[in-house]
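Visitor: Input structure: my_file37.cif, which contains mmCIF, C-alpha atoms.
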```
data_upload
loop_
_atom_site.label_atom_id
_atom_site.label_comp_id
_atom_site.auth_asym_id
_atom_site.auth_seq_id
_atom_site.Cartn_x
_atom_site.Cartn_y
_atom_site.Cartn_z
CA MET A 1 171.67 18.13 114.50
CA ASP A 2 171.54 21.91 114.64
CA ARG A 3 168.89 24.61 114.69
CA GLU A 4 168.99 25.17 110.96
CA GLN A 5 168.40 21.50 110.25
CA VAL A 6 165.56 21.47 112.78
CA ILE A 7 163.83 24.29 110.93
CA GLN A 8 164.54 23.22 107.37
CA GLU A 9 163.43 19.65 107.96
CA ASN A 10 160.36 20.49 110.08
CA TRP A 11 161.58 18.43 113.01
CA VAL A 12 159.32 20.20 115.50
CA ASP A 13 156.13 19.55 113.54
CA ARG A 14 157.06 16.00 112.73
CA TYR A 15 157.83 15.36 116.39
CA LEU A 16 154.51 16.73 117.63
CA LEU A 17 152.53 15.06 114.86
CA GLY A 18 154.09 11.70 115.69
CA GLN A 19 155.89 11.36 112.38
CA LEU A 20 159.35 10.57 113.73
CA SER A 21 160.73 7.10 114.29
CA GLU A 22 161.69 6.10 117.81
CA THR A 23 165.36 6.67 117.01
CA GLU A 24 164.66 10.08 115.53
CA THR A 25 162.51 10.98 118.52
CA ASP A 26 165.32 10.11 120.94
CA ARG A 27 167.80 12.07 118.90
CA PHE A 28 165.57 15.11 118.66
CA GLU A 29 164.71 15.10 122.36
CA GLN A 30 168.36 14.93 123.29
CA TYR A 31 168.96 17.87 121.00
CA TYR A 32 166.23 20.14 122.28
CA LEU A 33 167.02 19.47 125.92
CA GLU A 34 169.91 21.83 125.23
CA CYS A 35 168.16 24.23 122.84
CA PRO A 36 165.81 26.85 124.36
CA GLU A 37 164.80 28.19 120.93
CA THR A 38 163.57 24.78 119.86
CA GLN A 39 161.76 24.46 123.19
CA ASP A 40 159.94 27.74 122.42
CA ASP A 41 159.16 26.46 118.96
CA ILE A 42 157.72 23.21 120.30
CA GLU A 43 155.47 25.00 122.78
CA ASN A 44 154.21 27.42 120.15
CA THR A 45 153.53 24.65 117.65
CA GLN A 46 151.75 22.55 120.26
CA ARG A 47 149.43 25.51 120.95
CA LEU A 48 148.81 25.82 117.23
CA ILE A 49 147.89 22.14 116.94
CA ASP A 50 145.67 22.39 120.04
CA GLY A 51 144.01 25.48 118.57
CA PHE A 52 143.21 23.64 115.37
CA ALA A 53 141.83 20.69 117.30
CA GLY A 54 139.70 23.04 119.41
CA SER A 55 138.42 24.85 116.33
CA ALA A 56 137.51 21.56 114.74
CA LEU A 57 135.53 20.58 117.81
CA ALA A 58 133.74 23.92 117.69
CA ALA A 59 132.80 23.37 114.06
CA LEU A 60 131.72 19.87 114.95
CA ALA A 61 129.43 21.03 117.72
CA ARG A 62 128.00 23.87 115.65
CA LYS A 63 126.87 21.53 112.96
CA HIS A 64 125.75 18.73 115.31
CA GLN A 65 127.74 16.43 113.14
CA LEU A 66 129.63 14.17 115.40
CA ARG A 67 129.56 11.48 112.78
CA VAL A 68 129.59 8.01 114.19
CA ASP A 69 129.25 5.17 111.80
CA GLU A 70 125.96 3.45 112.45
CA PRO A 71 125.91 -0.29 112.85
CA ALA A 72 124.57 -2.20 109.91
CA PRO A 73 121.38 -4.06 110.75
CA ALA A 74 122.28 -7.22 112.53
CA ALA A 75 121.25 -10.15 110.40
CA THR A 76 119.95 -12.48 113.07
CA PRO A 77 120.47 -11.18 116.57
CA ARG A 78 118.59 -14.10 117.99
CA THR A 79 120.68 -14.74 121.01
CA PHE A 80 120.79 -11.21 122.37
CA ASN A 81 118.33 -8.32 122.34
CA TRP A 82 120.93 -5.77 123.39
CA PRO A 83 122.30 -4.36 120.12
CA ALA A 84 119.42 -2.04 119.29
CA MET A 85 119.35 -0.70 122.82
CA ALA A 86 123.10 -0.28 122.82
CA ALA A 87 123.10 1.54 119.48
CA ALA A 88 120.40 3.90 120.75
CA ALA A 89 122.34 4.53 123.93
CA VAL A 90 125.49 5.31 121.97
CA ALA A 91 123.57 7.70 119.72
CA VAL A 92 122.09 9.49 122.75
CA LEU A 93 125.51 9.75 124.35
CA CYS A 94 127.03 11.18 121.19
CA LEU A 95 124.24 13.71 120.81
CA GLY A 96 124.62 14.68 124.47
CA PHE A 97 128.32 15.17 123.98
CA ALA A 98 127.79 17.32 120.91
CA LEU A 99 125.25 19.47 122.75
CA THR A 100 127.55 19.80 125.74
CA VAL A 101 130.32 20.97 123.50
CA GLN A 102 128.03 23.39 121.72
CA ARG A 103 126.78 25.02 124.89
CA SER A 104 130.28 26.21 125.67
CA MET A 105 130.83 27.70 122.25
CA PRO A 106 130.07 31.21 121.05
CA GLU A 107 127.28 31.32 118.50
CA ASN A 108 128.42 31.18 114.92
CA PRO A 109 132.14 31.62 115.55
CA PRO A 110 133.83 33.11 112.50
CA LEU A 111 135.69 29.99 111.57
CA ALA A 112 137.15 29.72 108.13
CA GLY A 113 138.47 26.80 106.22
CA ILE A 114 137.85 24.06 108.75
CA ALA A 115 136.36 20.98 107.23
CA ASP A 116 133.96 18.64 108.98
CA VAL A 117 135.53 16.09 111.22
CA ASN A 118 134.72 12.45 111.29
CA VAL A 119 135.47 11.08 114.72
CA PRO A 120 136.50 7.59 113.74
CA ILE A 121 134.47 5.56 116.21
CA PHE A 122 132.97 2.52 114.55
CA THR A 123 130.04 0.93 116.28
CA LEU A 124 129.52 -2.62 115.15
CA GLY A 125 126.59 -4.85 115.99
CA ILE A 126 126.67 -8.56 116.51
CA THR A 127 125.75 -10.77 113.62
CA ARG A 128 125.78 -14.49 113.12
CA SER A 129 125.96 -14.37 109.38
CA VAL A 130 129.30 -14.28 107.59
CA THR A 131 127.58 -12.89 104.50
CA SER A 132 126.56 -9.63 106.14
CA ALA A 133 129.91 -8.08 106.80
CA GLN A 134 129.63 -4.55 108.09
CA LEU A 135 131.39 -1.87 106.16
CA ILE A 136 134.26 0.14 107.54
CA GLU A 137 135.57 3.02 105.48
CA LEU A 138 139.10 3.88 106.43
CA PRO A 139 140.07 7.55 106.57
CA THR A 140 142.61 8.49 103.92
CA VAL A 141 144.95 9.76 106.60
CA PRO A 142 146.14 6.88 108.75
CA ARG A 143 144.94 7.40 112.28
CA ARG A 144 144.00 5.42 115.31
CA LEU A 145 140.53 3.94 114.97
CA MET A 146 138.17 3.35 117.83
CA PHE A 147 135.66 0.54 117.87
CA SER A 148 132.70 -0.22 120.04
CA LEU A 149 131.41 -3.76 119.64
CA ASP A 150 127.81 -4.23 120.72
CA ILE A 151 128.08 -7.80 121.81
CA GLY A 152 125.37 -7.87 124.43
CA GLY A 153 127.63 -8.77 127.27
CA ALA A 154 126.50 -8.48 130.86
CA ILE A 155 128.01 -5.57 132.77
CA ASP A 156 131.58 -6.39 133.77
CA GLU A 157 131.61 -9.56 131.69
CA GLN A 158 135.08 -10.00 130.25
CA PHE A 159 135.96 -10.87 126.67
CA ASN A 160 139.11 -11.74 124.80
CA VAL A 161 138.87 -9.78 121.57
CA THR A 162 140.88 -10.63 118.48
CA LEU A 163 140.93 -9.53 114.86
CA HIS A 164 141.42 -12.01 112.05
CA ASP A 165 142.13 -11.48 108.38
CA ALA A 166 140.34 -13.16 105.46
CA ASP A 167 142.48 -16.26 105.88
CA GLY A 168 141.55 -16.56 109.52
CA ALA A 169 144.98 -15.54 110.72
CA GLU A 170 144.98 -13.48 113.88
CA VAL A 171 146.33 -10.01 113.14
CA TRP A 172 145.57 -8.31 116.43
CA GLN A 173 144.66 -9.23 119.96
CA ALA A 174 143.57 -6.96 122.80
CA ALA A 175 146.41 -6.81 125.27
CA GLU A 176 144.09 -7.94 128.03
CA PRO A 177 140.46 -8.99 128.46
CA LEU A 178 138.03 -6.19 127.69
CA VAL A 179 135.14 -5.57 130.03
CA ALA A 180 131.58 -5.01 128.83
CA ASP A 181 130.24 -1.64 129.84
CA ARG A 182 126.70 -0.82 130.97
CA TYR A 183 125.50 -1.00 127.35
CA GLY A 184 126.85 -4.46 126.80
CA SER A 185 129.64 -3.15 124.59
CA VAL A 186 133.38 -3.40 124.64
CA THR A 187 135.48 -0.59 123.28
CA PHE A 188 139.04 -0.53 122.08
CA SER A 189 141.27 1.14 119.54
CA LEU A 190 143.40 -0.18 116.72
CA PRO A 191 146.69 1.44 115.71
CA PRO A 192 146.98 3.17 112.33
CA GLY A 193 147.92 0.94 109.44
CA LEU A 194 146.62 -2.32 110.89
CA LEU A 195 143.50 -2.46 108.75
CA ALA A 196 143.68 -2.51 104.97
CA ALA A 197 141.09 -3.10 102.29
CA GLY A 198 139.56 -6.56 102.53
CA ASN A 199 137.60 -8.82 104.79
CA PHE A 200 138.28 -9.12 108.49
CA GLU A 201 136.48 -10.54 111.46
CA PHE A 202 136.36 -9.48 115.08
CA VAL A 203 136.01 -12.34 117.49
CA ALA A 204 134.94 -11.76 121.09
CA LYS A 205 135.24 -14.76 123.32
CA PRO A 206 133.80 -14.58 126.85
CA LEU A 207 136.27 -15.62 129.51
CA THR A 208 133.59 -17.64 131.24
CA GLY A 209 131.33 -18.76 128.47
CA GLY A 210 132.53 -22.10 127.28
CA ASP A 211 133.48 -22.25 123.64
CA VAL A 212 130.96 -19.73 122.34
CA SER A 213 132.63 -16.97 120.34
CA LEU A 214 130.84 -13.89 119.06
CA ARG A 215 131.91 -13.07 115.52
CA ILE A 216 131.57 -9.79 113.69
CA PRO A 217 132.71 -9.86 110.07
CA VAL A 218 133.64 -6.55 108.53
CA LEU A 219 134.51 -5.38 105.06
CA VAL A 220 137.19 -2.71 105.05
CA GLU A 221 137.31 -0.19 102.24
CA THR A 222 139.73 2.64 101.76
CA SER A 223 137.47 5.10 100.03
CA GLY A 224 136.54 7.02 103.19
CA ARG A 225 137.80 10.46 104.17
CA MET B 1 179.14 35.54 111.94
CA HIS B 2 175.52 34.64 112.28
CA SER B 3 172.97 33.49 109.83
CA THR B 4 169.22 33.74 110.12
CA THR B 5 166.94 31.03 108.91
CA SER B 6 164.18 33.47 108.14
CA GLN B 7 166.38 35.30 105.67
CA THR B 8 167.46 32.20 103.88
CA VAL B 9 164.12 30.42 103.96
CA CYS B 10 161.36 32.89 104.38
CA GLY B 11 162.63 36.39 103.87
CA LEU B 12 161.19 37.66 107.14
CA SER B 13 162.83 40.23 109.32
CA LYS B 14 162.26 38.62 112.70
CA SER B 15 163.91 35.27 112.91
CA TRP B 16 165.30 32.45 114.85
CA ARG B 17 168.91 33.37 115.15
CA MET B 18 171.39 30.64 114.68
CA ASP B 19 174.95 30.69 115.65
CA GLU B 20 177.31 29.70 112.92
CA THR B 21 179.30 27.60 115.32
CA PRO B 22 176.90 25.04 116.66
CA ASN B 23 179.76 22.65 117.31
CA ASP B 24 181.26 25.17 119.71
CA GLU B 25 177.90 25.55 121.40
CA ARG B 26 177.57 21.82 121.75
CA ALA B 27 181.09 21.71 123.17
CA ASN B 28 180.09 24.39 125.67
CA ASP B 29 176.97 22.45 126.59
CA GLY B 30 179.08 19.35 127.04
CA GLU B 31 181.60 21.15 129.20
CA LEU B 32 178.86 22.70 131.32
CA ALA B 33 177.28 19.29 131.75
CA ARG B 34 180.61 17.78 132.73
CA GLN B 35 181.11 20.47 135.36
CA LEU B 36 177.60 20.01 136.73
CA VAL B 37 178.11 16.28 137.03
CA ALA B 38 181.43 16.74 138.82
CA ARG B 39 180.01 19.30 141.23
CA ILE B 40 177.01 17.14 142.09
CA ARG B 41 179.29 14.19 142.68
CA ALA B 42 181.26 16.40 145.07
CA GLY B 43 178.09 17.15 147.05
CA ASP B 44 177.41 20.66 145.72
CA ARG B 45 173.68 21.24 146.33
CA GLN B 46 173.71 24.44 144.30
CA ALA B 47 174.78 22.39 141.28
CA GLU B 48 171.72 20.20 141.77
CA ASN B 49 169.53 23.31 141.67
CA GLU B 50 171.27 24.43 138.49
CA LEU B 51 170.68 21.03 136.94
CA VAL B 52 166.96 21.24 137.67
CA ALA B 53 166.75 24.85 136.45
CA ARG B 54 168.49 23.95 133.20
CA TYR B 55 166.57 20.81 132.28
CA SER B 56 163.22 21.20 134.04
CA ARG B 57 161.38 22.95 131.22
CA PRO B 58 162.58 20.81 128.30
CA LEU B 59 162.04 17.64 130.31
CA MET B 60 158.47 18.71 131.04
CA ILE B 61 157.89 19.46 127.35
CA MET B 62 159.17 16.02 126.47
CA LEU B 63 157.07 14.29 129.13
CA LYS B 64 153.91 16.11 128.06
CA VAL B 65 154.47 14.89 124.52
CA ARG B 66 155.24 11.34 125.58
CA THR B 67 152.24 11.14 127.92
CA ASN B 68 149.90 12.62 125.29
CA GLY B 69 149.28 15.72 127.36
CA ASP B 70 148.57 13.96 130.66
CA ILE B 71 149.96 16.77 132.77
CA PRO B 72 149.51 15.21 136.24
CA LEU B 73 151.31 12.09 135.03
CA ALA B 74 154.01 14.17 133.34
CA GLU B 75 154.56 16.18 136.54
CA ASP B 76 154.77 13.03 138.56
CA ILE B 77 157.35 11.49 136.24
CA HIS B 78 159.21 14.81 136.10
CA GLN B 79 159.82 14.59 139.85
CA ASP B 80 160.91 10.98 139.60
CA VAL B 81 163.35 11.65 136.78
CA PHE B 82 165.18 14.35 138.71
CA ARG B 83 165.23 12.18 141.82
CA ILE B 84 166.72 9.29 139.85
CA VAL B 85 169.20 11.46 137.96
CA ILE B 86 170.44 13.29 141.05
CA GLU B 87 170.75 10.10 143.07
CA ARG B 88 172.74 8.57 140.26
CA LEU B 89 175.00 11.61 139.93
CA ARG B 90 175.58 11.72 143.66
CA GLY B 91 176.56 8.06 143.56
CA ASP B 92 178.01 6.17 140.63
CA GLY B 93 177.79 9.02 138.14
CA ILE B 94 177.40 8.42 134.42
CA ASP B 95 179.83 7.04 131.88
CA ASP B 96 180.04 10.16 129.74
CA PRO B 97 179.23 13.31 131.76
CA THR B 98 179.12 15.40 128.59
CA ARG B 99 176.04 13.42 127.55
CA LEU B 100 174.01 14.44 130.57
CA ALA B 101 171.08 15.52 128.37
CA GLY B 102 171.01 12.06 126.80
CA PHE B 103 170.95 10.46 130.25
CA ILE B 104 168.06 12.66 131.37
CA GLN B 105 166.17 12.00 128.13
CA SER B 106 166.53 8.23 128.37
CA THR B 107 165.58 8.25 132.06
CA GLY B 108 162.44 10.21 131.21
CA LYS B 109 161.60 7.97 128.30
CA PHE B 110 161.90 4.77 130.30
CA GLN B 111 159.96 6.21 133.21
CA VAL B 112 157.08 6.94 130.83
CA ILE B 113 157.27 3.46 129.33
CA GLY B 114 157.32 1.92 132.81
CA ARG B 115 154.33 3.93 134.00
CA LYS B 116 152.30 3.06 130.93
CA ARG B 117 153.13 -0.59 131.33
CA ARG B 118 152.04 -0.56 134.98
CA GLN B 119 148.85 1.31 134.06
CA ARG B 120 148.02 -1.30 131.43
CA ARG B 121 148.52 -4.10 133.94
CA ARG B 122 146.23 -2.46 136.46
CA ASN B 123 143.65 -1.22 134.01
CA THR B 124 140.99 -3.83 133.39
CA TYR B 125 138.85 -1.28 131.50
CA ALA B 126 141.82 -0.42 129.35
CA ASP B 127 140.48 0.95 126.11
CA SER B 128 137.04 1.88 127.40
CA GLU B 129 138.77 4.24 129.76
CA LEU B 130 140.98 5.54 126.98
CA ILE B 131 137.93 6.54 125.00
CA GLU B 132 136.17 8.08 127.99
CA GLU B 133 139.35 9.96 128.77
CA THR B 134 139.58 11.22 125.20
CA VAL B 135 136.03 12.51 125.29
CA SER B 136 136.49 13.92 128.77
CA ASN B 137 139.69 15.70 127.79
CA SER B 138 137.99 17.12 124.73
CA THR B 139 135.16 18.53 126.82
CA GLU B 140 137.54 20.04 129.32
CA HIS B 141 139.57 21.41 126.46
CA VAL B 142 136.55 23.20 125.03
CA ASP B 143 135.59 24.61 128.42
CA ASP B 144 139.01 25.89 129.16
CA ILE B 145 139.59 29.62 128.77
CA TYR B 146 143.12 29.11 127.66
CA SER B 147 141.98 26.75 124.93
CA GLU B 148 139.42 29.31 123.84
CA GLN B 149 142.23 31.79 123.36
CA MET B 150 144.13 29.29 121.27
CA ARG B 151 141.04 28.71 119.14
CA ASP B 152 140.57 32.43 118.71
CA ALA B 153 144.15 32.77 117.65
CA VAL B 154 143.73 29.99 115.08
CA ARG B 155 140.58 31.59 113.69
CA ALA B 156 142.32 34.95 113.46
CA LEU B 157 145.31 33.34 111.83
CA LEU B 158 143.18 31.57 109.23
CA SER B 159 141.16 34.71 108.48
CA GLU B 160 144.37 36.65 107.90
CA LEU B 161 145.79 34.22 105.38
CA PRO B 162 145.81 35.60 101.85
CA ASN B 163 144.29 32.61 100.09
CA ASP B 164 142.39 29.36 100.47
CA ARG B 165 145.39 27.30 99.52
CA ASP B 166 147.37 28.47 102.53
CA ARG B 167 144.36 27.83 104.77
CA ALA B 168 144.06 24.35 103.32
CA LEU B 169 147.75 23.76 103.86
CA LEU B 170 147.60 24.58 107.57
CA THR B 171 144.35 22.71 108.13
CA ARG B 172 145.57 19.59 106.40
CA TYR B 173 148.90 19.74 108.18
CA PHE B 174 147.87 20.55 111.76
CA LEU B 175 144.34 19.19 111.93
CA TYR B 176 144.34 16.20 109.60
CA GLN B 177 148.06 15.65 110.16
CA GLU B 178 148.84 14.82 106.58
CA SER B 179 152.48 14.60 105.63
CA LYS B 180 154.26 17.51 104.05
CA ALA B 181 154.93 15.51 100.89
CA SER B 182 151.27 14.58 100.51
CA ILE B 183 150.10 18.17 100.96
CA CYS B 184 152.70 19.60 98.60
CA ASN B 185 151.66 17.05 96.02
CA ALA B 186 147.92 17.66 96.41
CA LEU B 187 148.17 21.45 96.44
CA GLU B 188 151.00 21.60 93.90
CA LEU B 189 153.28 23.45 96.27
CA SER B 190 157.03 23.62 96.35
CA ASP B 191 158.94 22.68 99.44
CA LEU B 192 159.99 26.30 99.77
CA HIS B 193 156.44 27.60 99.62
CA PHE B 194 155.32 25.08 102.20
CA ASN B 195 158.07 26.10 104.62
CA ARG B 196 157.40 29.77 104.01
CA VAL B 197 153.69 29.50 104.76
CA LEU B 198 154.41 27.39 107.80
CA TYR B 199 157.04 29.72 109.14
CA ARG B 200 154.91 32.81 108.71
CA ALA B 201 151.90 31.09 110.22
CA LYS B 202 153.85 30.07 113.29
CA ALA B 203 155.36 33.51 113.76
CA ARG B 204 151.96 35.17 113.37
CA PHE B 205 150.30 32.64 115.65
CA ARG B 206 152.89 33.30 118.33
CA ALA B 207 152.10 37.03 118.13
CA LEU B 208 148.35 36.42 118.22
CA VAL B 209 148.66 34.19 121.27
CA GLU B 210 150.81 36.74 123.05
CA GLU B 211 148.21 39.42 122.32
CA ARG B 212 145.46 37.29 123.80
CA LEU B 213 147.42 36.23 126.85
CA GLU B 214 148.24 39.86 127.63
CA ARG B 215 144.56 40.87 127.68
#
```
Translate the structure of the given file into structure tokens.

Guide:
Amino acid sequence: MDREQVIQENWVDRYLLGQLSETETDRFEQYYLECPETQDDIENTQRLIDGFAGSALAALARKHQLRVDEPAPAATPRTFNWPAMAAAAVAVLCLGFALTVQRSMPENPPLAGIADVNVPIFTLGITRSVTSAQLIELPTVPRRLMFSLDIGGAIDEQFNVTLHDADGAEVWQAAEPLVADRYGSVTFSLPPGLLAAGNFEFVAKPLTGGDVSLRIPVLVETSGR
Amino acid sequence: MHSTTSQTVCGLSKSWRMDETPNDERANDGELARQLVARIRAGDRQAENELVARYSRPLMIMLKVRTNGDIPLAEDIHQDVFRIVIERLRGDGIDDPTRLAGFIQSTGKFQVIGRKRRQRRRNTYADSELIEETVSNSTEHVDDIYSEQMRDAVRALLSELPNDRDRALLTRYFLYQESKASICNALELSDLHFNRVLYRAKARFRALVEERLER
């Protein structure tokens, strides 16, 4: 590897944007440990990326459009009364965050060409019906997705959370039990590329709740932004 | 003889200068590394200082990337890496002293992996905390004066661009993190045009940031 190759093949950008394989990352890091020009380039590009992220947040706050996907109405939330309260609490928190961000921003900053941002946090309510799968629209650009499952757990109650495909096969499992927060929700993130179009189901099983499992079917579509 | 990437790729006057003999440079780096390793093995404390001076900055860059910008964690690991590397060089040494950079890189990488693994084991609120941390970092980021300067620089950069297509290119690349191929395809751009816009944007951004930091 040499400096010319680094520039021509956009190694710096691909490195910072997480587009290199592990092997490529190792190779590139070993290269730039000895290349001050590439070190300068990395720092400059990181500032550029941070600046874009900051500008996007500013646009987000200005428009009060921290878009969080609302939970579909739970079909029969007979067992728990928490979901509506939890959804309201999440909405209040998100609005509070947006207002906090806005307060620190200059009014009407002259921002050009920045599109709205959809923070991909999906809030899903509990449902007992397999026919009322809640819709998830995947962003066109693969990215990490965050989920908040309103499962009505008691504070600090622990759940094993898994994701199953349409055939019932487990495709993901939380690395460790997730703990319900004060809103009775558990939150976690899924890596890019795990979800594809089709039917899936989240299953949250309390560690100390016998054999009762909370199931949240979802329908994944790829038409989102 | 030297070549300049900007002339061959972008036609700009200021450039990253590249030596035509990178193999010689690598050989020099390798020889320097070999000498450092030998001197540290012989108990030369000045050589240890030189090692830290040479690799401190790039190691910190690497650790910041690998820890997703967790600077306290990166600083902590930074200390550990130099402690481990120097202890090793004082003792057994490394198989190929000319590959000192590779040894430092792999030590840093495995330190980060080890820390993350330990954090996961300890962290019963794992992903809830990740999300809170993300939101918290975002808020701090917005409040930070330095970040404000970066945002200003980005706004200025975008407003200076000659057309919407170039603005879209940068936004899609750095904000939405689309691949180069996807953007070139969507905007009907050549590889050369993409690189040219990117190069000019980075050079201009660097200047804008320097202007703001000097104020």

Visitor: The PyMOL selection byres ((chain B and resi 61-76) around 12) - which residues does that actually catch in the file I just gave you? List them as a VMD selection string.

Guide: (chain A and resid 12 15 to 18 22 25 to 26 28 to 33 36 38 to 47 50) or (chain B and resid 55 to 60 77 to 83 104 to 116 119 130 133 to 134 137 to 138 141)

Visitor: Give me a file of those residues, with C-alpha atoms, as a compact mmCIF listing (two decimals), in the coordinates of the input.

Guide:
```txt
# COMPACT_ATOMS: atom_id res chain seq x y z
CA VAL A 12 159.32 20.20 115.50
CA TYR A 15 157.83 15.36 116.39
CA LEU A 16 154.51 16.73 117.63
CA LEU A 17 152.53 15.06 114.86
CA GLY A 18 154.09 11.70 115.69
CA GLU A 22 161.69 6.10 117.81
CA THR A 25 162.51 10.98 118.52
CA ASP A 26 165.32 10.11 120.94
CA PHE A 28 165.57 15.11 118.66
CA GLU A 29 164.71 15.10 122.36
CA GLN A 30 168.36 14.93 123.29
CA TYR A 31 168.96 17.87 121.00
CA TYR A 32 166.23 20.14 122.28
CA LEU A 33 167.02 19.47 125.92
CA PRO A 36 165.81 26.85 124.36
CA THR A 38 163.57 24.78 119.86
CA GLN A 39 161.76 24.46 123.19
CA ASP A 40 159.94 27.74 122.42
CA ASP A 41 159.16 26.46 118.96
CA ILE A 42 157.72 23.21 120.30
CA GLU A 43 155.47 25.00 122.78
CA ASN A 44 154.21 27.42 120.15
CA THR A 45 153.53 24.65 117.65
CA GLN A 46 151.75 22.55 120.26
CA ARG A 47 149.43 25.51 120.95
CA ASP A 50 145.67 22.39 120.04
CA TYR B 55 166.57 20.81 132.28
CA SER B 56 163.22 21.20 134.04
CA ARG B 57 161.38 22.95 131.22
CA PRO B 58 162.58 20.81 128.30
CA LEU B 59 162.04 17.64 130.31
CA MET B 60 158.47 18.71 131.04
CA ILE B 77 157.35 11.49 136.24
CA HIS B 78 159.21 14.81 136.10
CA GLN B 79 159.82 14.59 139.85
CA ASP B 80 160.91 10.98 139.60
CA VAL B 81 163.35 11.65 136.78
CA PHE B 82 165.18 14.35 138.71
CA ARG B 83 165.23 12.18 141.82
CA ILE B 104 168.06 12.66 131.37
CA GLN B 105 166.17 12.00 128.13
CA SER B 106 166.53 8.23 128.37
CA THR B 107 165.58 8.25 132.06
CA GLY B 108 162.44 10.21 131.21
CA LYS B 109 161.60 7.97 128.30
CA PHE B 110 161.90 4.77 130.30
CA GLN B 111 159.96 6.21 133.21
CA VAL B 112 157.08 6.94 130.83
CA ILE B 113 157.27 3.46 129.33
CA GLY B 114 157.32 1.92 132.81
CA ARG B 115 154.33 3.93 134.00
CA LYS B 116 152.30 3.06 130.93
CA GLN B 119 148.85 1.31 134.06
CA LEU B 130 140.98 5.54 126.98
CA GLU B 133 139.35 9.96 128.77
CA THR B 134 139.58 11.22 125.20
CA ASN B 137 139.69 15.70 127.79
CA SER B 138 137.99 17.12 124.73
CA HIS B 141 139.57 21.41 126.46
```

Visitor: Apply the PyMOL selection byres ((chain B and resi 193) around 12) to the displayed file and report the matching residues as a list of chain:residue names.

Guide: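 For this structure, the PyMOL selection byres ((chain B and resi 193) around 12) captures B:Val9, B:Cys10, B:Gly11, B:Arg165, B:Asp166, B:Leu169, B:Lys180, B:Ile183, B:Cys184, B:Leu187, B:Glu188, B:Leu189, B:Ser190, B:Asp191, B:Leu192, B:Phe194, B:Asn195, B:Arg196, B:Val197, B:Leu198, B:Tyr199, B:Arg200.
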
Visitor: For the atom pair CA of Ala153 in chain B and CA of Trp11 in chain A, what is the interatomic distance in Å to one decimal place?

Guide: 23.0 Å

Visitor: So, with only C-alpha atoms as the atoms that count, which of B:Arg41, B:Arg90, B:Arg172, B:Arg118 lies closest to chain A?

Guide: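 Looking only at the distances to chain A, the closest residue turns out to be B:Arg172.
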
Visitor: Select, from A:Thr222, A:Thr23, A:Gln158, A:Thr208, the residue with the minimum atom-to-atom distance to Asp181 in chain A, counting only C-alpha atoms.

Guide: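 Smallest distance to Asp181 in chain A is found for A:Gln158.
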
Visitor: So what do you get for CA of Glu48 in chain B versus CA of Gln35 in chain B, distance-wise?

Guide: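 Answer for the CA of Glu48 in chain B to CA of Gln35 in chain B separation: 11.4 Å.
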
Visitor: How far is it from CA of Glu211 in chain B to CA of Thr171 in chain B, in Å with one decimal?

Guide: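 Straight-line distance from CA of Glu211 in chain B to CA of Thr171 in chain B works out to 22.3 Å.
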
Visitor: Considering all atoms listed in the file, can you say which of B:Arg88, B:Arg117, B:Arg155, B:Arg99 comes closest to chain A?

Guide: B:Arg155

Visitor: Using all atoms listed in the file, which of the listed residues (A:Ala204, A:Cys35, A:Ala166, A:Ile49) sits closest to chain B?

Guide: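 Using all atoms listed in the file, chain B sits closest to A:Ile49.
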
Visitor: Run through the PyMOL selection byres ((chain A and resi 160) around 12) on the given coordinates and return the selected residues as an mmCIF file with C-alpha atoms, keeping the file's coordinate frame.

Guide:
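That gives us expr-v9.cif:
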```
data_model
loop_
_atom_site.group_PDB
_atom_site.id
_atom_site.type_symbol
_atom_site.label_atom_id
_atom_site.label_comp_id
_atom_site.auth_asym_id
_atom_site.auth_seq_id
_atom_site.Cartn_x
_atom_site.Cartn_y
_atom_site.Cartn_z
ATOM 1 C CA GLU A 157 131.610 -9.560 131.690
ATOM 2 C CA GLN A 158 135.080 -10.000 130.250
ATOM 3 C CA PHE A 159 135.960 -10.870 126.670
ATOM 4 C CA VAL A 161 138.870 -9.780 121.570
ATOM 5 C CA THR A 162 140.880 -10.630 118.480
ATOM 6 C CA LEU A 163 140.930 -9.530 114.860
ATOM 7 C CA TRP A 172 145.570 -8.310 116.430
ATOM 8 C CA GLN A 173 144.660 -9.230 119.960
ATOM 9 C CA ALA A 174 143.570 -6.960 122.800
ATOM 10 C CA ALA A 175 146.410 -6.810 125.270
ATOM 11 C CA GLU A 176 144.090 -7.940 128.030
ATOM 12 C CA PRO A 177 140.460 -8.990 128.460
ATOM 13 C CA LEU A 178 138.030 -6.190 127.690
ATOM 14 C CA VAL A 179 135.140 -5.570 130.030
ATOM 15 C CA ALA A 180 131.580 -5.010 128.830
ATOM 16 C CA VAL A 186 133.380 -3.400 124.640
ATOM 17 C CA THR A 187 135.480 -0.590 123.280
ATOM 18 C CA PHE A 188 139.040 -0.530 122.080
ATOM 19 C CA PHE A 202 136.360 -9.480 115.080
ATOM 20 C CA VAL A 203 136.010 -12.340 117.490
ATOM 21 C CA ALA A 204 134.940 -11.760 121.090
ATOM 22 C CA LYS A 205 135.240 -14.760 123.320
ATOM 23 C CA PRO A 206 133.800 -14.580 126.850
ATOM 24 C CA LEU A 207 136.270 -15.620 129.510
ATOM 25 C CA THR A 208 133.590 -17.640 131.240
ATOM 26 C CA GLY A 209 131.330 -18.760 128.470
ATOM 27 C CA ASP A 211 133.480 -22.250 123.640
ATOM 28 C CA VAL A 212 130.960 -19.730 122.340
ATOM 29 C CA SER A 213 132.630 -16.970 120.340
ATOM 30 C CA LEU A 214 130.840 -13.890 119.060
ATOM 31 C CA ARG A 215 131.910 -13.070 115.520
ATOM 32 C CA THR B 124 140.990 -3.830 133.390
#
```
